[in-house]
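Shown here: my_file-v7.json, JSON, C-alpha atoms (C1' of nucleotides).
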```json
[["chain", "number", "residue", "atom", "x", "y", "z"],
["A", 1, "MET", "CA", 16.89, -18.71, -7.80],
["A", 2, "ILE", "CA", 13.30, -18.70, -8.95],
["A", 3, "SER", "CA", 11.41, -20.22, -11.87],
["A", 4, "ALA", "CA", 10.69, -18.39, -15.11],
["A", 5, "ASP", "CA", 6.98, -18.48, -14.29],
["A", 6, "ARG", "CA", 7.61, -16.97, -10.90],
["A", 7, "LEU", "CA", 9.69, -14.25, -12.51],
["A", 8, "ARG", "CA", 6.87, -13.30, -14.86],
["A", 9, "GLN", "CA", 4.57, -13.25, -11.88],
["A", 10, "ILE", "CA", 6.58, -10.89, -9.71],
["A", 11, "ALA", "CA", 8.54, -8.79, -12.22],
["A", 12, "PHE", "CA", 6.50, -6.61, -14.53],
["A", 13, "TRP", "CA", 9.73, -5.30, -16.10],
["A", 14, "ALA", "CA", 10.47, -8.77, -17.51],
["A", 15, "ARG", "CA", 7.33, -8.80, -19.60],
["A", 16, "GLU", "CA", 9.15, -8.01, -22.83],
["A", 17, "PHE", "CA", 12.24, -10.07, -22.06],
["A", 18, "ASN", "CA", 13.52, -12.74, -24.46],
["A", 19, "GLU", "CA", 14.41, -16.24, -23.26],
["A", 20, "THR", "CA", 18.05, -15.43, -22.50],
["A", 21, "GLU", "CA", 17.13, -12.39, -20.45],
["A", 22, "ILE", "CA", 14.52, -14.28, -18.48],
["A", 23, "GLU", "CA", 16.99, -17.07, -17.80],
["A", 24, "GLN", "CA", 19.61, -14.62, -16.51],
["A", 25, "ALA", "CA", 17.13, -12.74, -14.38],
["A", 26, "ARG", "CA", 15.51, -15.76, -12.75],
["A", 27, "ARG", "CA", 18.90, -17.24, -11.82],
["A", 28, "GLY", "CA", 19.95, -14.04, -10.11],
["A", 29, "ILE", "CA", 16.91, -13.61, -7.87],
["A", 30, "VAL", "CA", 16.08, -15.09, -4.48],
["A", 31, "GLU", "CA", 13.02, -14.46, -2.34],
["A", 32, "LYS", "CA", 13.05, -13.62, 1.31],
["A", 33, "PRO", "CA", 10.22, -13.30, 3.83],
["A", 34, "LEU", "CA", 10.12, -10.35, 6.21],
["A", 35, "ALA", "CA", 8.12, -10.25, 9.42],
["A", 36, "LYS", "CA", 6.29, -7.10, 10.40],
["A", 37, "GLY", "CA", 8.85, -4.60, 11.66],
["A", 38, "ASP", "CA", 11.86, -6.36, 10.10],
["A", 39, "TYR", "CA", 14.46, -4.15, 8.45],
["A", 40, "LEU", "CA", 15.87, -5.23, 5.10],
["A", 41, "CYS", "CA", 18.56, -2.58, 5.44],
["A", 42, "HIS", "CA", 19.37, 0.54, 7.39],
["A", 43, "ARG", "CA", 20.59, 3.82, 6.08],
["A", 44, "GLY", "CA", 24.33, 3.55, 5.58],
["A", 45, "ASP", "CA", 24.32, -0.22, 4.97],
["A", 46, "ARG", "CA", 25.67, -1.76, 1.84],
["A", 47, "LEU", "CA", 22.96, -3.86, 0.26],
["A", 48, "ASP", "CA", 24.09, -5.33, -3.02],
["A", 49, "PHE", "CA", 20.66, -6.34, -4.16],
["A", 50, "TRP", "CA", 18.03, -4.73, -6.26],
["A", 51, "THR", "CA", 14.80, -5.27, -4.41],
["A", 52, "GLY", "CA", 11.25, -6.06, -5.41],
["A", 53, "VAL", "CA", 8.30, -6.16, -3.06],
["A", 54, "VAL", "CA", 6.45, -9.41, -3.76],
["A", 55, "GLU", "CA", 3.96, -9.34, -0.91],
["A", 56, "GLY", "CA", 3.07, -6.79, 1.73],
["A", 57, "VAL", "CA", 4.26, -3.21, 2.16],
["A", 58, "VAL", "CA", 7.79, -1.91, 2.65],
["A", 59, "LYS", "CA", 8.52, 1.62, 3.81],
["A", 60, "MET", "CA", 11.46, 3.67, 2.61],
["A", 61, "GLY", "CA", 12.46, 6.04, 5.38],
["A", 62, "THR", "CA", 15.25, 7.40, 7.52],
["A", 63, "MET", "CA", 15.87, 7.56, 11.21],
["A", 64, "SER", "CA", 17.10, 10.91, 12.46],
["A", 65, "SER", "CA", 19.79, 11.09, 15.13],
["A", 66, "SER", "CA", 17.15, 11.78, 17.77],
["A", 67, "GLY", "CA", 15.54, 8.47, 16.91],
["A", 68, "LYS", "CA", 12.57, 9.99, 15.19],
["A", 69, "SER", "CA", 11.65, 8.19, 11.99],
["A", 70, "THR", "CA", 10.87, 9.97, 8.74],
["A", 71, "SER", "CA", 8.95, 8.30, 5.99],
["A", 72, "LEU", "CA", 9.91, 8.82, 2.35],
["A", 73, "ALA", "CA", 7.51, 6.54, 0.54],
["A", 74, "GLY", "CA", 5.68, 3.27, 0.80],
["A", 75, "CYS", "CA", 6.29, 0.46, -1.67],
["A", 76, "ARG", "CA", 3.67, -2.16, -2.16],
["A", 77, "ALA", "CA", 3.74, -5.56, -3.83],
["A", 78, "GLY", "CA", 4.81, -5.16, -7.45],
["A", 79, "SER", "CA", 7.18, -2.24, -7.01],
["A", 80, "TRP", "CA", 10.96, -2.47, -7.30],
["A", 81, "LEU", "CA", 13.44, -0.16, -5.63],
["A", 82, "GLY", "CA", 17.05, 0.57, -4.84],
["A", 83, "GLU", "CA", 18.29, 0.60, -8.45],
["A", 84, "GLY", "CA", 20.16, 3.83, -7.79],
["A", 85, "SER", "CA", 22.24, 2.42, -4.95],
["A", 86, "VAL", "CA", 23.00, -0.80, -6.84],
["A", 87, "LEU", "CA", 23.99, 1.05, -10.00],
["A", 88, "LYS", "CA", 26.25, 3.49, -8.22],
["A", 89, "ASP", "CA", 27.61, 0.94, -5.77],
["A", 90, "GLU", "CA", 26.91, 3.25, -2.88],
["A", 91, "LEU", "CA", 25.64, 2.94, 0.66],
["A", 92, "ARG", "CA", 21.89, 2.97, 1.16],
["A", 93, "ARG", "CA", 20.44, 6.38, 1.69],
["A", 94, "TYR", "CA", 17.40, 5.13, 3.56],
["A", 95, "ASP", "CA", 16.03, 2.28, 5.66],
["A", 96, "LEU", "CA", 13.76, -0.38, 4.28],
["A", 97, "VAL", "CA", 11.33, -1.77, 6.81],
["A", 98, "ALA", "CA", 8.33, -4.10, 6.47],
["A", 99, "LEU", "CA", 5.09, -2.52, 7.71],
["A", 100, "ARG", "CA", 3.43, -5.93, 7.82],
["A", 101, "ASP", "CA", 4.51, -9.49, 7.13],
["A", 102, "SER", "CA", 5.97, -9.20, 3.65],
["A", 103, "ARG", "CA", 8.05, -10.95, 1.03],
["A", 104, "VAL", "CA", 10.79, -9.42, -1.07],
["A", 105, "ALA", "CA", 12.74, -10.56, -4.12],
["A", 106, "LEU", "CA", 16.46, -9.80, -4.24],
["A", 107, "MET", "CA", 18.44, -9.60, -7.46],
["A", 108, "ASN", "CA", 22.20, -9.77, -7.08],
["A", 109, "ARG", "CA", 24.37, -7.02, -8.42],
["A", 110, "SER", "CA", 26.08, -8.96, -11.19],
["A", 111, "THR", "CA", 22.74, -10.04, -12.65],
["A", 112, "PHE", "CA", 21.51, -6.46, -12.47],
["A", 113, "PHE", "CA", 24.60, -5.35, -14.38],
["A", 114, "TRP", "CA", 24.30, -8.12, -16.92],
["A", 115, "LEU", "CA", 20.78, -6.90, -17.73],
["A", 116, "TYR", "CA", 22.00, -3.32, -17.76],
["A", 117, "GLU", "CA", 24.72, -4.19, -20.28],
["A", 118, "ASN", "CA", 22.74, -6.59, -22.44],
["A", 119, "SER", "CA", 19.02, -5.97, -22.33],
["A", 120, "PRO", "CA", 17.41, -3.08, -24.21],
["A", 121, "ALA", "CA", 14.08, -3.95, -22.60],
["A", 122, "PHE", "CA", 15.61, -3.62, -19.16],
["A", 123, "ASN", "CA", 17.15, -0.29, -20.08],
["A", 124, "ARG", "CA", 13.85, 1.05, -21.30],
["A", 125, "PHE", "CA", 12.38, 0.03, -17.99],
["A", 126, "LEU", "CA", 15.21, 1.67, -16.03],
["A", 127, "ILE", "CA", 14.73, 4.98, -17.82],
["A", 128, "ARG", "CA", 11.03, 5.01, -17.06],
["A", 129, "GLN", "CA", 11.69, 4.05, -13.47],
["A", 130, "PHE", "CA", 14.31, 6.76, -12.89],
["A", 131, "ASN", "CA", 12.15, 9.35, -14.57],
["A", 132, "GLU", "CA", 9.31, 8.52, -12.25],
["A", 133, "ARG", "CA", 11.53, 8.61, -9.19],
["A", 134, "ILE", "CA", 12.68, 12.09, -10.12],
["A", 135, "SER", "CA", 9.06, 13.26, -10.15],
["A", 136, "GLN", "CA", 8.51, 11.55, -6.88],
["A", 137, "PHE", "CA", 11.44, 13.20, -5.16],
["A", 138, "ILE", "CA", 10.64, 16.60, -6.58],
["A", 139, "ALA", "CA", 7.21, 16.18, -5.06],
["A", 140, "LEU", "CA", 8.94, 15.28, -1.81],
["A", 141, "VAL", "CA", 10.47, 18.74, -1.59],
["A", 142, "GLU", "CA", 7.05, 20.32, -1.74],
["A", 143, "TYR", "CA", 5.76, 17.75, 0.64],
["A", 144, "ASP", "CA", 8.27, 18.75, 3.25],
["A", 145, "ARG", "CA", 6.78, 22.22, 3.43],
["A", 146, "MET", "CA", 3.24, 21.04, 3.12],
["A", 147, "LEU", "CA", 2.17, 20.35, 6.65],
["A", 148, "SER", "CA", -1.48, 19.54, 6.15],
["A", 149, "ALA", "CA", -2.37, 16.03, 7.20],
["A", 150, "PRO", "CA", -4.81, 15.38, 4.35],
["A", 151, "GLY", "CA", -2.11, 16.45, 1.91],
["A", 152, "ARG", "CA", 0.36, 13.98, 3.36],
["A", 153, "VAL", "CA", -2.09, 11.14, 3.29],
["A", 154, "ALA", "CA", -3.16, 12.03, -0.26],
["A", 155, "ARG", "CA", 0.44, 12.07, -1.52],
["A", 156, "ASN", "CA", 1.29, 8.77, 0.07],
["A", 157, "ILE", "CA", -1.75, 7.08, -1.39],
["A", 158, "ALA", "CA", -1.03, 8.53, -4.81],
["A", 159, "TRP", "CA", 2.52, 7.11, -4.61],
["A", 160, "LEU", "CA", 1.22, 3.69, -3.69],
["A", 161, "PHE", "CA", -0.94, 3.78, -6.79],
["A", 162, "ASN", "CA", 1.73, 5.15, -9.12],
["A", 163, "PRO", "CA", 1.04, 3.42, -12.45],
["A", 164, "VAL", "CA", 4.67, 3.55, -13.60],
["A", 165, "LEU", "CA", 6.30, 2.29, -10.43],
["A", 166, "CYS", "CA", 3.52, -0.16, -9.73],
["A", 167, "PRO", "CA", 1.73, -1.03, -12.98],
["A", 168, "ASN", "CA", -0.57, -3.80, -11.75],
["A", 169, "ALA", "CA", -2.23, -1.56, -9.21],
["A", 170, "ALA", "CA", -6.00, -1.88, -9.10],
["A", 171, "THR", "CA", -8.00, 1.03, -7.71],
["A", 172, "HIS", "CA", -8.53, -0.75, -4.43],
["A", 173, "PHE", "CA", -5.77, -1.50, -1.97],
["A", 174, "ASP", "CA", -5.87, -3.24, 1.38],
["A", 175, "ILE", "CA", -4.05, -1.02, 3.83],
["A", 176, "THR", "CA", -5.07, -0.14, 7.34],
["A", 177, "GLN", "CA", -5.30, 3.40, 8.60],
["A", 178, "GLU", "CA", -2.51, 2.60, 11.00],
["A", 179, "GLU", "CA", -0.20, 1.64, 8.13],
["A", 180, "LEU", "CA", -1.13, 4.76, 6.21],
["A", 181, "GLY", "CA", -0.32, 6.72, 9.33],
["A", 182, "LEU", "CA", 3.12, 5.13, 9.47],
["A", 183, "LEU", "CA", 3.71, 6.15, 5.86],
["A", 184, "ALA", "CA", 2.42, 9.67, 6.23],
["A", 185, "GLY", "CA", 4.06, 10.21, 9.60],
["A", 186, "LEU", "CA", 0.77, 10.75, 11.39],
["A", 187, "SER", "CA", -1.12, 9.17, 14.24],
["A", 188, "ARG", "CA", -3.88, 6.74, 13.40],
["A", 189, "GLN", "CA", -6.54, 9.15, 14.63],
["A", 190, "HIS", "CA", -5.22, 11.98, 12.56],
["A", 191, "THR", "CA", -4.97, 9.73, 9.53],
["A", 192, "ASN", "CA", -8.57, 8.71, 10.06],
["A", 193, "GLU", "CA", -9.76, 12.30, 9.95],
["A", 194, "ALA", "CA", -7.64, 13.09, 6.91],
["A", 195, "LEU", "CA", -9.10, 10.09, 5.09],
["A", 196, "LYS", "CA", -12.63, 11.16, 5.83],
["A", 197, "LEU", "CA", -11.89, 14.61, 4.50],
["A", 198, "LEU", "CA", -10.44, 13.20, 1.30],
["A", 199, "GLU", "CA", -13.48, 10.97, 0.99],
["A", 200, "ALA", "CA", -15.79, 13.96, 1.40],
["A", 201, "LYS", "CA", -13.97, 15.62, -1.48],
["A", 202, "GLY", "CA", -14.65, 12.61, -3.64],
["A", 203, "LEU", "CA", -11.00, 11.65, -4.11],
["A", 204, "LEU", "CA", -11.24, 8.21, -2.57],
["A", 205, "ARG", "CA", -13.51, 5.84, -0.73],
["A", 206, "VAL", "CA", -12.66, 4.68, 2.77],
["A", 207, "GLU", "CA", -13.32, 1.00, 3.39],
["A", 208, "ARG", "CA", -12.65, -1.32, 6.24],
["A", 209, "GLY", "CA", -8.96, -2.22, 6.04],
["A", 210, "GLY", "CA", -8.48, -0.50, 2.72],
["A", 211, "VAL", "CA", -9.08, 2.39, 0.35],
["A", 212, "THR", "CA", -10.34, 2.74, -3.20],
["A", 213, "VAL", "CA", -8.91, 5.56, -5.28],
["A", 214, "LEU", "CA", -11.48, 7.55, -7.24],
["A", 215, "ASP", "CA", -9.32, 10.41, -8.47],
["A", 216, "LEU", "CA", -5.59, 9.60, -8.62],
["A", 217, "ALA", "CA", -4.57, 12.90, -10.19],
["A", 218, "GLY", "CA", -6.59, 14.74, -7.57],
["A", 219, "LEU", "CA", -4.76, 12.93, -4.80],
["A", 220, "ALA", "CA", -1.34, 13.42, -6.35],
["A", 221, "GLY", "CA", -1.90, 17.16, -6.65],
["A", 222, "TYR", "CA", -3.82, 17.70, -3.45],
["A", 223, "GLY", "CA", -2.78, 20.67, -1.39],
["A", 224, "GLU", "CA", -1.22, 22.77, -4.14],
["B", 1, "DG", "C1'", -2.93, 24.44, 22.18],
["B", 2, "DC", "C1'", -2.17, 20.97, 19.28],
["B", 3, "DA", "C1'", -1.01, 16.43, 18.24],
["B", 4, "DT", "C1'", 0.14, 12.03, 19.82],
["B", 5, "DT", "C1'", -0.62, 8.17, 22.84],
["B", 6, "DA", "C1'", -3.67, 5.40, 25.50],
["B", 7, "DA", "C1'", -7.92, 3.18, 26.23],
["B", 8, "DC", "C1'", -12.22, 1.21, 24.91],
["B", 9, "DA", "C1'", -16.64, 0.05, 22.79],
["B", 10, "DG", "C1'", -18.73, -1.25, 18.35],
["B", 11, "DC", "C1'", -18.30, -3.80, 14.13],
["B", 12, "DC", "C1'", -17.27, -6.77, 10.54],
["B", 13, "DG", "C1'", -15.09, -10.86, 8.67],
["C", 1, "DC", "C1'", -12.69, -14.25, 18.43],
["C", 2, "DG", "C1'", -9.38, -10.99, 16.36],
["C", 3, "DG", "C1'", -8.30, -7.05, 14.00],
["C", 4, "DC", "C1'", -9.87, -2.53, 12.45],
["C", 5, "DT", "C1'", -12.30, 1.67, 13.27],
["C", 6, "DG", "C1'", -14.03, 5.72, 15.49],
["C", 7, "DT", "C1'", -14.30, 8.25, 19.83],
["C", 8, "DT", "C1'", -12.95, 10.23, 24.05],
["C", 9, "DA", "C1'", -9.71, 11.00, 27.79],
["C", 10, "DA", "C1'", -5.00, 11.62, 29.26],
["C", 11, "DT", "C1'", -0.50, 13.10, 28.30],
["C", 12, "DG", "C1'", 3.50, 15.35, 26.23],
["C", 13, "DC", "C1'", 5.87, 19.05, 23.60]]
```
Kindly present the structure from the file in structure tokens form.
Amino acid sequence: MISADRLRQIAFWAREFNETEIEQARRGIVEKPLAKGDYLCHRGDRLDFWTGVVEGVVKMGTMSSSGKSTSLAGCRAGSWLGEGSVLKDELRRYDLVALRDSRVALMNRSTFFWLYENSPAFNRFLIRQFNERISQFIALVEYDRMLSAPGRVARNIAWLFNPVLCPNAATHFDITQEELGLLAGLSRQHTNEALKLLEAKGLLRVERGGVTVLDLAGLAGYGE
DNA sequence: GCATTAACAGCCG
DNA sequence: CGGCTGTTAATGC
């Protein structure tokens, strides 16, 4: 379990919680470090924890039968995921893998359900979260047909900066071009060129070991 | 042919 | 010195 202060630090959804809710939530959460390349779960596993990224970057993706990996979305520190699988008590539909040394918070299923049954604030959060995920996965359908590298990079950056899924996001984020490549499913070189093109269009600024978003809407809609 | 991997020199912290 | 970046050369589909 974690302290109430720690909970407020890592869980933006607990901001409007009352004392009872905070107490329940903090008792039901443990933290776990992940080394670069570690899998938290594979597609098809049962993982009875709702998961928050506390530090680092975690990739949601799947591995095809041929062994080729497909990226769905990156989740950076501050974002929480897997509520669908916990709620429906189903097997995971994707892998979760740490792109760099990371730290996750795990909330057990019974705590999740207690909040679901008892906390209006948590339910408001869940609705917003699901609504945002729907948009994200609708965009994923387009994305599948959109082959352009700059488009892929733009989408993935826009997701990382999603203000609903990741509310504390500043405009700058430390992420290497290699990591962005892993998220977008591109080589580092290709990612590099895509980034420079997006920079030339004024959508972002490329920095050493990071990017600064200048036009989030422009990135989210790039390639339409 | 195109894109990915490999290799390497410059650069910045 | 170590990690990241930007190129070029080699390789694979």
Give me, as JSON lines, each residue of chain B that comes within 9 Å of chain A, together with its shortest interatomic pair and the distance in Å at one decimal, counting all atoms listed in the file, with rows ordered by chain and rising residue number.
```
{"residue": "B:DA3", "atom": "C1'", "partner": "A:Ser187", "partner_atom": "CA", "distance": 8.3}
{"residue": "B:DT4", "atom": "C1'", "partner": "A:Ser187", "partner_atom": "CA", "distance": 6.4}
{"residue": "B:DT5", "atom": "C1'", "partner": "A:Ser187", "partner_atom": "CA", "distance": 8.7}
{"residue": "B:DC12", "atom": "C1'", "partner": "A:Arg208", "partner_atom": "CA", "distance": 8.3}
```
Problem - Residue list for chain C near chain A as a PyMOL selection string, 9 Å, only C-alpha atoms (C1' of nucleotides) - result: chain C and resi 4-6
Compile the contact shell of range 10-24 of chain A as a tab-separated table (two decimals) with C-alpha atoms, keeping the file's coordinate frame: residues with an atom at most 9 Å away, counting all atoms listed in the file, same-chain residues fewer than 4 positions apart removed.
```
chain	number	residue	atom	x	y	z
A	3	SER	CA	11.41	-20.22	-11.87
A	4	ALA	CA	10.69	-18.39	-15.11
A	5	ASP	CA	6.98	-18.48	-14.29
A	6	ARG	CA	7.61	-16.97	-10.90
A	28	GLY	CA	19.95	-14.04	-10.11
A	52	GLY	CA	11.25	-6.06	-5.41
A	53	VAL	CA	8.30	-6.16	-3.06
A	54	VAL	CA	6.45	-9.41	-3.76
A	77	ALA	CA	3.74	-5.56	-3.83
A	78	GLY	CA	4.81	-5.16	-7.45
A	79	SER	CA	7.18	-2.24	-7.01
A	80	TRP	CA	10.96	-2.47	-7.30
A	105	ALA	CA	12.74	-10.56	-4.12
A	111	THR	CA	22.74	-10.04	-12.65
A	114	TRP	CA	24.30	-8.12	-16.92
A	115	LEU	CA	20.78	-6.90	-17.73
A	118	ASN	CA	22.74	-6.59	-22.44
A	119	SER	CA	19.02	-5.97	-22.33
A	120	PRO	CA	17.41	-3.08	-24.21
A	121	ALA	CA	14.08	-3.95	-22.60
A	122	PHE	CA	15.61	-3.62	-19.16
A	125	PHE	CA	12.38	0.03	-17.99
A	126	LEU	CA	15.21	1.67	-16.03
A	166	CYS	CA	3.52	-0.16	-9.73
A	167	PRO	CA	1.73	-1.03	-12.98
A	168	ASN	CA	-0.57	-3.80	-11.75
```
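Between CA of Ala73 in chain A and CA of Leu140 in chain A lies a distance of 9.2 Å.
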Exercise for the section: For DA7 in chain B, work out the shell of residues within 10 Å, counting all atoms listed in the file and skipping chain neighbours fewer than 4 positions away, then give it as a list in words. Expected result: DT8, DA9 and DA10 of chain C
Practice task
Identify, on the basis of only C-alpha atoms (C1' of nucleotides), every residue whose closest approach to range 57-60 of chain A does not exceed 10 Å; exclude the query and any residue fewer than 5 positions from it along the same chain; express the result as a PyMOL selection string.
Solution key: chain A and resi 34+36-43+52+70-79+81-82+93-104+160+175+179+182-183
Could you put an axis-aligned box around every listed atom of range 216-219 of chain A, padded by 4 Å on each side, and send me its centre and edge lengths in Å to one decimal, as JSON?
```
{"center_x": -5.6, "center_y": 12.2, "center_z": -7.5, "size_x": 10.0, "size_y": 13.1, "size_z": 13.4}
```
Please complete range 31-49 of chain A so it has N, CA and C atoms, and hand it over as a PDB file, in the coordinates of the input.
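The result, stored in part-v9.pdb:
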```pdb
ATOM      1  N   GLU A  31      14.095 -15.075  -3.115  1.00  0.00           N
ATOM      2  CA  GLU A  31      13.020 -14.460  -2.340  1.00  0.00           C
ATOM      3  C   GLU A  31      13.309 -14.588  -0.864  1.00  0.00           C
ATOM      4  N   LYS A  32      12.785 -13.638  -0.125  1.00  0.00           N
ATOM      5  CA  LYS A  32      13.050 -13.620   1.310  1.00  0.00           C
ATOM      6  C   LYS A  32      11.827 -13.067   2.042  1.00  0.00           C
ATOM      7  N   PRO A  33      11.350 -13.802   3.049  1.00  0.00           N
ATOM      8  CA  PRO A  33      10.220 -13.300   3.830  1.00  0.00           C
ATOM      9  C   PRO A  33      10.670 -12.289   4.874  1.00  0.00           C
ATOM     10  N   LEU A  34       9.839 -11.324   5.152  1.00  0.00           N
ATOM     11  CA  LEU A  34      10.120 -10.350   6.210  1.00  0.00           C
ATOM     12  C   LEU A  34       8.928 -10.318   7.163  1.00  0.00           C
ATOM     13  N   ALA A  35       9.196 -10.392   8.443  1.00  0.00           N
ATOM     14  CA  ALA A  35       8.120 -10.250   9.420  1.00  0.00           C
ATOM     15  C   ALA A  35       7.835  -8.769   9.633  1.00  0.00           C
ATOM     16  N   LYS A  36       6.652  -8.482  10.105  1.00  0.00           N
ATOM     17  CA  LYS A  36       6.290  -7.100  10.400  1.00  0.00           C
ATOM     18  C   LYS A  36       7.354  -6.458  11.282  1.00  0.00           C
ATOM     19  N   GLY A  37       7.840  -5.303  10.873  1.00  0.00           N
ATOM     20  CA  GLY A  37       8.850  -4.600  11.660  1.00  0.00           C
ATOM     21  C   GLY A  37      10.288  -4.950  11.315  1.00  0.00           C
ATOM     22  N   ASP A  38      10.498  -5.993  10.509  1.00  0.00           N
ATOM     23  CA  ASP A  38      11.860  -6.360  10.100  1.00  0.00           C
ATOM     24  C   ASP A  38      12.461  -5.316   9.170  1.00  0.00           C
ATOM     25  N   TYR A  39      13.740  -5.049   9.349  1.00  0.00           N
ATOM     26  CA  TYR A  39      14.460  -4.150   8.450  1.00  0.00           C
ATOM     27  C   TYR A  39      15.209  -4.964   7.406  1.00  0.00           C
ATOM     28  N   LEU A  40      15.073  -4.587   6.147  1.00  0.00           N
ATOM     29  CA  LEU A  40      15.870  -5.230   5.100  1.00  0.00           C
ATOM     30  C   LEU A  40      17.257  -4.578   5.076  1.00  0.00           C
ATOM     31  N   CYS A  41      17.285  -3.268   5.305  1.00  0.00           N
ATOM     32  CA  CYS A  41      18.560  -2.580   5.440  1.00  0.00           C
ATOM     33  C   CYS A  41      18.352  -1.290   6.201  1.00  0.00           C
ATOM     34  N   HIS A  42      19.416  -0.761   6.752  1.00  0.00           N
ATOM     35  CA  HIS A  42      19.370   0.540   7.390  1.00  0.00           C
ATOM     36  C   HIS A  42      20.140   1.523   6.529  1.00  0.00           C
ATOM     37  N   ARG A  43      19.828   2.770   6.742  1.00  0.00           N
ATOM     38  CA  ARG A  43      20.590   3.820   6.080  1.00  0.00           C
ATOM     39  C   ARG A  43      22.066   3.648   6.398  1.00  0.00           C
ATOM     40  N   GLY A  44      22.895   3.711   5.358  1.00  0.00           N
ATOM     41  CA  GLY A  44      24.330   3.550   5.580  1.00  0.00           C
ATOM     42  C   GLY A  44      24.829   2.139   5.355  1.00  0.00           C
ATOM     43  N   ASP A  45      23.919   1.163   5.281  1.00  0.00           N
ATOM     44  CA  ASP A  45      24.320  -0.220   4.970  1.00  0.00           C
ATOM     45  C   ASP A  45      24.711  -0.332   3.509  1.00  0.00           C
ATOM     46  N   ARG A  46      25.482  -1.379   3.233  1.00  0.00           N
ATOM     47  CA  ARG A  46      25.670  -1.760   1.840  1.00  0.00           C
ATOM     48  C   ARG A  46      24.740  -2.924   1.582  1.00  0.00           C
ATOM     49  N   LEU A  47      23.881  -2.771   0.605  1.00  0.00           N
ATOM     50  CA  LEU A  47      22.960  -3.860   0.260  1.00  0.00           C
ATOM     51  C   LEU A  47      23.093  -4.068  -1.232  1.00  0.00           C
ATOM     52  N   ASP A  48      23.768  -5.142  -1.610  1.00  0.00           N
ATOM     53  CA  ASP A  48      24.090  -5.330  -3.020  1.00  0.00           C
ATOM     54  C   ASP A  48      22.988  -6.032  -3.786  1.00  0.00           C
ATOM     55  N   PHE A  49      21.766  -5.711  -3.451  1.00  0.00           N
ATOM     56  CA  PHE A  49      20.660  -6.340  -4.160  1.00  0.00           C
ATOM     57  C   PHE A  49      19.643  -5.303  -4.599  1.00  0.00           C
TER      58      PHE A  49
END
```
